[in-house]
Each structure stands twice: as C-alpha cells, then as structure tokens.
file my_file_18.csv (CSV, C-alpha atoms)
chain,number,residue,atom,x,y,z
A,28,MET,CA,11.5,16.3,1.8
A,29,THR,CA,14.4,13.9,2.6
A,30,GLU,CA,17.3,14.3,5.0
A,31,ILE,CA,20.1,12.0,6.3
A,32,ALA,CA,18.9,10.0,9.2
A,33,ASP,CA,20.6,10.5,12.6
A,34,GLY,CA,20.6,6.9,13.6
A,35,ALA,CA,20.6,3.3,12.5
A,36,VAL,CA,18.0,0.6,12.4
A,37,SER,CA,18.1,-3.2,13.0
A,38,GLY,CA,19.5,-5.1,10.1
A,39,GLY,CA,22.9,-3.4,10.1
A,40,ALA,CA,22.1,-0.4,7.9
A,41,ALA,CA,24.8,2.3,8.2
A,42,LEU,CA,24.1,5.9,8.9
A,43,THR,CA,24.8,7.0,5.3
A,44,ASP,CA,22.5,4.2,4.0
A,45,LEU,CA,19.4,5.7,5.5
A,46,THR,CA,17.2,8.7,4.8
A,47,ARG,CA,14.4,10.2,6.9
A,48,ASP,CA,11.4,10.7,4.6
A,49,VAL,CA,8.4,12.8,5.5
A,50,PHE,CA,4.8,11.6,5.0
A,51,LEU,CA,1.4,13.1,5.9
A,52,GLY,CA,2.8,16.6,5.8
A,53,GLY,CA,5.4,15.9,8.4
A,54,GLY,CA,3.1,13.8,10.6
A,55,LEU,CA,5.2,10.7,10.0
A,56,GLN,CA,9.0,10.7,9.6
A,57,ILE,CA,10.2,7.3,8.4
A,58,LEU,CA,13.7,5.9,8.1
A,59,GLN,CA,14.2,4.1,4.8
A,60,PRO,CA,17.2,2.5,3.1
A,61,ARG,CA,18.6,4.9,0.6
A,62,HIS,CA,19.1,2.4,-2.2
A,63,GLY,CA,16.6,-0.3,-1.6
A,64,TYR,CA,12.8,-0.4,-2.0
A,65,ARG,CA,11.4,3.0,-0.9
A,66,ALA,CA,7.8,3.7,0.0
A,67,ALA,CA,6.1,6.6,-1.7
A,68,THR,CA,2.4,7.4,-2.2
A,69,ASP,CA,1.0,3.9,-2.6
A,70,PRO,CA,1.1,2.8,1.1
A,71,VAL,CA,-0.5,6.1,2.1
A,72,PHE,CA,-3.4,5.6,-0.4
A,73,LEU,CA,-3.7,2.0,0.9
A,74,ALA,CA,-3.9,3.2,4.5
A,75,ALA,CA,-6.6,5.7,3.6
A,76,SER,CA,-8.7,2.9,2.1
A,77,VAL,CA,-9.0,0.8,5.3
A,78,PRO,CA,-12.3,1.2,7.1
A,79,ALA,CA,-10.8,0.3,10.5
A,80,ARG,CA,-12.3,1.4,13.8
A,81,ALA,CA,-10.8,1.6,17.3
A,82,GLY,CA,-10.3,-1.8,18.9
A,83,GLU,CA,-9.9,-3.7,15.7
A,84,SER,CA,-6.9,-5.7,14.6
A,85,VAL,CA,-4.9,-5.0,11.3
A,86,LEU,CA,-2.4,-7.2,9.5
A,87,GLU,CA,-0.2,-6.0,6.6
A,88,LEU,CA,1.5,-8.5,4.4
A,89,GLY,CA,4.8,-7.1,3.0
A,90,CYS,CA,4.8,-4.0,5.3
A,91,GLY,CA,8.3,-2.8,4.3
A,92,VAL,CA,9.3,0.0,6.7
A,93,GLY,CA,5.7,0.3,7.9
A,94,VAL,CA,4.4,3.4,6.2
A,95,ALA,CA,0.9,2.1,5.6
A,96,LEU,CA,0.4,0.7,9.1
A,97,LEU,CA,1.8,3.9,10.7
A,98,ALA,CA,-0.4,6.1,8.5
A,99,LEU,CA,-3.4,4.1,9.4
A,100,GLY,CA,-2.5,4.1,13.1
A,101,ARG,CA,-2.2,7.9,13.0
A,102,ARG,CA,-5.7,8.3,11.5
A,103,VAL,CA,-7.4,5.7,13.7
A,104,ALA,CA,-6.4,5.4,17.3
A,105,GLY,CA,-6.7,2.2,19.3
A,106,LEU,CA,-5.8,-0.3,16.6
A,107,GLN,CA,-3.8,-3.4,17.1
A,108,LEU,CA,-1.3,-3.2,14.2
A,109,THR,CA,0.9,-6.1,13.0
A,110,GLY,CA,3.2,-6.2,10.0
A,111,VAL,CA,5.0,-9.1,8.2
A,112,GLU,CA,8.0,-8.4,6.1
A,113,ARG,CA,10.4,-11.0,4.7
A,114,GLN,CA,13.4,-8.7,4.3
A,115,SER,CA,15.1,-8.6,7.7
A,116,GLY,CA,16.7,-5.2,7.1
A,117,TYR,CA,13.2,-3.7,7.0
A,118,ALA,CA,11.6,-5.5,9.9
A,119,ALA,CA,11.8,-8.5,12.2
A,120,LEU,CA,8.4,-9.9,13.1
A,121,PRO,CA,7.0,-13.2,14.3
A,122,LEU,CA,5.6,-15.8,11.9
A,123,PRO,CA,3.2,-17.5,11.5
A,124,LEU,CA,0.3,-15.5,12.9
A,125,LYS,CA,-2.4,-18.1,13.4
A,126,ARG,CA,-5.4,-15.9,14.1
A,127,GLY,CA,-8.1,-13.9,12.4
A,128,PHE,CA,-7.7,-10.2,11.8
A,129,ASP,CA,-10.4,-7.6,11.2
A,130,HIS,CA,-8.4,-6.1,8.3
A,131,VAL,CA,-5.6,-7.3,6.1
A,132,LEU,CA,-3.6,-4.9,3.9
A,133,VAL,CA,-1.7,-6.1,0.9
A,134,ASN,CA,0.8,-4.0,-1.2
A,135,PRO,CA,2.6,-6.8,-3.1
A,136,PRO,CA,5.4,-6.4,-5.6
A,137,PHE,CA,3.8,-5.2,-8.8
A,138,TYR,CA,6.1,-6.4,-11.6
A,139,PRO,CA,6.3,-10.0,-13.0
A,140,ALA,CA,9.6,-11.9,-12.5
A,141,HIS,CA,10.5,-11.5,-16.2
A,142,ALA,CA,10.5,-7.7,-16.1
A,143,PRO,CA,13.8,-5.7,-16.0
A,144,VAL,CA,15.3,-6.1,-12.6
A,145,PRO,CA,16.9,-3.1,-10.6
A,146,GLN,CA,20.5,-3.6,-9.7
A,147,HIS,CA,19.9,-3.2,-6.0
A,148,PRO,CA,18.6,-6.6,-4.6
A,149,GLU,CA,16.3,-5.1,-2.0
A,150,ARG,CA,14.7,-2.8,-4.5
A,151,ALA,CA,14.3,-5.8,-6.9
A,152,ALA,CA,12.7,-7.8,-4.0
A,153,GLY,CA,10.2,-5.0,-3.3
A,154,ARG,CA,9.2,-4.6,-6.9
A,155,HIS,CA,9.3,-8.0,-8.6
A,156,GLU,CA,6.9,-10.8,-8.0
A,157,GLU,CA,8.9,-13.7,-6.7
A,158,THR,CA,6.0,-14.9,-4.6
A,159,PRO,CA,2.9,-15.6,-6.9
A,160,LEU,CA,0.0,-13.2,-6.5
A,161,ALA,CA,-2.2,-16.1,-5.8
A,162,LEU,CA,-0.3,-16.9,-2.6
A,163,TRP,CA,-0.5,-13.3,-1.4
A,164,ILE,CA,-4.3,-13.4,-1.7
A,165,ASP,CA,-4.6,-16.9,-0.2
A,166,VAL,CA,-2.7,-15.9,2.9
A,167,ALA,CA,-4.6,-12.7,3.2
A,168,LEU,CA,-7.9,-14.4,3.1
A,169,LYS,CA,-6.8,-17.1,5.5
A,170,ARG,CA,-5.7,-14.5,8.0
A,171,LEU,CA,-9.0,-12.6,7.9
A,172,ALA,CA,-11.7,-13.2,10.4
A,173,PRO,CA,-15.2,-13.9,8.9
A,174,GLY,CA,-16.6,-10.5,7.7
A,175,GLY,CA,-13.1,-9.0,7.8
A,176,HIS,CA,-11.9,-6.6,5.1
A,177,LEU,CA,-9.2,-7.3,2.5
A,178,THR,CA,-7.7,-4.0,1.1
A,179,LEU,CA,-5.1,-4.1,-1.6
A,180,ILE,CA,-3.4,-1.9,-4.1
A,181,HIS,CA,-2.0,-3.2,-7.4
A,182,LEU,CA,-1.6,-2.5,-11.1
A,183,ALA,CA,-4.9,-1.9,-13.0
A,184,ASP,CA,-4.1,-4.5,-15.6
A,185,ARG,CA,-4.0,-7.2,-12.9
A,186,LEU,CA,-7.6,-6.6,-11.7
A,187,PRO,CA,-9.2,-9.4,-13.7
A,188,GLU,CA,-6.6,-11.9,-12.2
A,189,ILE,CA,-7.1,-10.5,-8.7
A,190,LEU,CA,-10.9,-10.9,-9.0
A,191,ALA,CA,-10.5,-14.5,-10.3
A,192,LEU,CA,-8.1,-15.4,-7.4
A,193,ILE,CA,-10.5,-14.0,-4.8
A,194,GLY,CA,-13.3,-16.0,-6.4
A,195,GLY,CA,-16.2,-16.6,-4.0
A,196,ARG,CA,-14.2,-16.4,-0.8
A,197,ALA,CA,-14.9,-12.7,-0.5
A,198,GLY,CA,-17.5,-10.3,-1.9
A,199,ALA,CA,-19.2,-6.9,-1.6
A,200,THR,CA,-16.1,-6.0,-3.6
A,201,ALA,CA,-15.4,-2.3,-4.5
A,202,VAL,CA,-12.6,-1.1,-6.8
A,203,ARG,CA,-11.4,2.5,-7.0
A,204,PRO,CA,-9.1,3.2,-10.0
A,205,LEU,CA,-6.1,5.6,-9.4
A,206,ALA,CA,-5.3,7.7,-12.5
A,207,ALA,CA,-2.3,10.1,-12.6
A,208,ARG,CA,-4.2,12.8,-14.5
A,209,VAL,CA,-7.6,13.6,-16.0
A,210,GLY,CA,-8.0,11.7,-19.3
A,211,ARG,CA,-5.3,9.2,-18.6
A,212,PRO,CA,-6.1,5.5,-18.0
A,213,ALA,CA,-5.8,4.2,-14.4
A,214,GLY,CA,-2.4,2.8,-13.7
A,215,ARG,CA,-3.3,1.3,-10.3
A,216,ILE,CA,-6.4,0.2,-8.4
A,217,LEU,CA,-7.4,0.0,-4.8
A,218,LEU,CA,-9.7,-3.0,-4.1
A,219,GLN,CA,-11.7,-3.8,-1.0
A,220,ALA,CA,-13.6,-7.0,-0.3
A,221,ARG,CA,-15.2,-8.6,2.7
A,222,LYS,CA,-14.5,-12.3,3.6
A,223,GLY,CA,-17.7,-14.4,3.1
A,224,ALA,CA,-19.8,-11.4,1.9
A,225,ARG,CA,-22.2,-11.7,-1.0
A,226,GLY,CA,-22.8,-8.1,-1.9
A,227,LYS,CA,-22.7,-6.7,-5.5
A,228,PHE,CA,-19.4,-5.6,-7.2
A,229,ARG,CA,-19.0,-1.8,-7.4
A,230,LEU,CA,-16.6,0.1,-9.7
A,231,LEU,CA,-16.2,3.6,-8.2
A,232,ALA,CA,-15.2,6.9,-9.8
A,233,PRO,CA,-11.4,7.2,-10.2
A,234,LEU,CA,-9.2,9.1,-7.8
A,235,ILE,CA,-7.2,11.6,-9.9
A,236,ILE,CA,-3.9,12.2,-8.3
A,237,HIS,CA,-2.4,15.2,-10.1
A,238,GLU,CA,-3.9,18.4,-11.5
A,239,GLY,CA,-3.3,19.6,-15.1
A,240,ALA,CA,-2.3,17.7,-18.2
A,241,GLN,CA,1.4,17.4,-17.3
A,242,HIS,CA,3.9,18.2,-14.5
A,243,ILE,CA,5.2,21.7,-15.0
A,244,ASP,CA,7.7,22.6,-12.3
A,245,ASP,CA,9.2,21.3,-9.0
A,246,ARG,CA,6.2,21.9,-6.8
A,247,ASP,CA,3.8,19.1,-6.2
A,248,ASP,CA,0.5,19.3,-8.2
A,249,PHE,CA,-1.7,17.0,-6.3
A,250,THR,CA,-5.5,17.3,-6.6
A,251,PRO,CA,-7.4,18.5,-3.5
A,252,GLU,CA,-8.7,15.0,-2.8
A,253,ALA,CA,-5.2,13.5,-3.2
A,254,GLN,CA,-3.8,16.2,-0.9
A,255,GLN,CA,-6.3,15.4,1.8
A,256,VAL,CA,-4.9,11.8,1.9
A,257,LEU,CA,-1.2,12.4,1.3
A,258,ARG,CA,-0.8,15.5,3.4
A,259,TYR,CA,-3.5,15.2,6.1
A,260,GLY,CA,-4.1,11.5,6.4
A,261,ALA,CA,-7.8,11.6,5.4
A,262,ALA,CA,-9.7,8.5,4.7
A,263,LEU,CA,-10.9,7.6,1.2
A,264,ASP,CA,-14.6,7.3,0.6
A,265,TRP,CA,-15.8,3.9,-0.6
A,266,GLN,CA,-19.3,5.0,-1.4
call {"tool": "encode", "arguments": {"input": "my_file_18.csv", "output": "structure tokens"}}
result
Amino acid sequence: MTEIADGAVSGGAALTDLTRDVFLGGGLQILQPRHGYRAATDPVFLAASVPARAGESVLELGCGVGVALLALGRRVAGLQLTGVERQSGYAALPLPLKRGFDHVLVNPPFYPAHAPVPQHPERAAGRHEETPLALWIDVALKRLAPGGHLTLIHLADRLPEILALIGGRAGATAVRPLAARVGRPAGRILLQARKGARGKFRLLAPLIIHEGAQHIDDRDDFTPEAQQVLRYGAALDWQ
C-alpha cells in the first residue's frame, strides 16, 4: 500500500517526490523518496533477527529511511537506537560514534560496482557497492561492545566472503538462508555473530518467504512464518 505523502522531509525532497509506505501491517508508515532507494522486506527481516532487549543500544550502518531500526523499536521497547546514513536526503546523523554498542545491524548495498547501474543516483548508491564489504564489516565490529551481536543481511553467494572477513573477531555464528519459494536456492542470508565469542557455526533451516511454486495473482502469498515477521513484527527464531 502506497500513497502520496502529505509533507516533506529534510534534504529538500518535494511533496511529489515522496511516498508514504506501510510496513508491519500498517504499524509503521514511512516516507520514502519515490525514485531513489526504497526499502522493502529486507530491513524488516533484518530487524526481526536482532535479539535486542530493553535498555540495550543498537547501531545500524546504512540505515536509509530507518525501516529496520523503527521496526525493531516497535517490537522491543526501551532501546537506544542510532542510525548512520551517508545520503543526506535520507538522514542527517552525527559521525563518528566512538562507543561500543550491544547490537550493530548491517544491510549494505548488495551489488558489485561493475553491475548495471540504475539511472537514479540515489537508487544506485543504495544498491551498488562503492564502499567495500570489508570496510562495512570492520566498522561494524569496531562499534560493537565485547559480546555484542552483529546482524546482517546479504546475498547468499557472498557468504563465504563474509565469513572470511569476520575471521576470528566474532563467533557463535548462525546463518539463516532466505529462499523465495520451496525448492528454490536461497537468494539472501541473514547472519548473526557475537564479538569475541568462540561458539560453533550453525546453519539453520531456510525461511521460505512465499507459498506455492510461483506468484499467481495480485494478492501477497507470504508463508505464515514470513507473515508473522512482515505483518506483525514477530522476531525470527535463531535456534
């Protein structure tokens, strides 16, 4: 569900350049640029994966319009939420943040710099990896307090690289594949690791997002587990 927004945001976006997009079954209504990078389901799945508790601090690197942080804050009250975003039209936040956080969320641009680039520059910046993945992970781990949780979402084929980049700096790593439908390979993964931990690596059962072999009509066809996250803000189980 999308409608024209009735106001403007910082960064000079005009009324007709914004939409109000509904997340969590209407629990969140977010203003987004009509033609730039637009949040969809990934930040909601990311938020559902964070095992935060009241009183803890959370940092998101590359927060965009803040869907992941706001979804997390709606599920868990009493969090200190901080987002960092380089595109000033999306957010204006202080840098650097020289402190340790209990949780760091990362939803970096997925596609390598040599991939086809969208015409709109803000959409390109949100999708294409101008900043190396290694730097995203380095900054995330530096901003975590000892024992803090790193939670990220990325393409499944980047998992070996992500694990190598984390190295021995975090452990007790768990990975949940995200597959569009039963029988299809995972396109994305959710990963969680604890800074300084030494627990075993765990590969969890995939989360299947859609029911059926293919999309049939205009209604959504989310599986019950995906609906619990996307419509009702439920947490994802890491067991």
call {"tool": "atom_distance", "arguments": {"input": "my_file_18.csv", "atom1": "atom CA of Leu257 of chain A", "atom2": "atom CA of Val166 of chain A"}}
result
28.4 Å
call {"tool": "residues_around", "arguments": {"input": "my_file_18.csv", "residues": "Leu234 of chain A", "least_positions_apart": "4", "cutoff": "10 Å", "atoms": "all atoms listed in the file", "output": "PyMOL selection string"}}
result
chain A and resi 203-209+213+216-217+250+252-253+263
call {"tool": "residues_around", "arguments": {"input": "my_file_18.csv", "residues": "Val94 of chain A", "least_positions_apart": "4", "cutoff": "10 Å", "atoms": "all atoms listed in the file", "output": "list in words"}}
result
Phe50, Leu55, Gln56, Ile57, Leu58, Gln59, Arg65, Ala66, Ala67, Thr68, Asp69, Pro70, Val71, Leu73, Ala74, Cys90, Ala98, Leu99 and Gly100 of chain A
call {"tool": "atom_distance", "arguments": {"input": "my_file_18.csv", "atom1": "atom CA of Lys125 of chain A", "atom2": "atom CA of Arg101 of chain A"}}
result
26.0 Å
call {"tool": "atom_distance", "arguments": {"input": "my_file_18.csv", "atom1": "atom CA of Ala199 of chain A", "atom2": "atom CA of Ser84 of chain A"}}
result
20.4 Å
call {"tool": "closest_residue", "arguments": {"input": "my_file_18.csv", "among": "A:Val77, A:Phe137, A:Leu51, A:Phe228", "to": "Glu157 of chain A", "atoms": "only C-alpha atoms"}}
result
A:Phe137
call {"tool": "closest_residue", "arguments": {"input": "my_file_18.csv", "among": "A:Arg185, A:Arg126, A:Arg221, A:Arg102", "to": "Arg258 of chain A", "atoms": "only C-alpha atoms"}}
result
A:Arg102
call {"tool": "closest_residue", "arguments": {"input": "my_file_18.csv", "among": "A:Ala191, A:Thr46, A:Pro159, A:Lys222", "to": "Phe128 of chain A", "atoms": "all atoms listed in the file"}}
result
A:Lys222
call {"tool": "residues_around", "arguments": {"input": "my_file_18.csv", "residues": "Arg211 of chain A", "least_positions_apart": "6", "cutoff": "12 Å", "atoms": "all atoms listed in the file", "output": "PyMOL selection string"}}
result
chain A and resi 204-205+233-241
call {"tool": "closest_residue", "arguments": {"input": "my_file_18.csv", "among": "A:Gln255, A:Thr178, A:Thr109, A:Gln219", "to": "Val131 of chain A", "atoms": "all atoms listed in the file"}}
result
A:Thr178
call {"tool": "closest_residue", "arguments": {"input": "my_file_18.csv", "among": "A:Gly89, A:Arg229, A:Phe249, A:Leu190", "to": "Glu156 of chain A", "atoms": "all atoms listed in the file"}}
result
A:Gly89
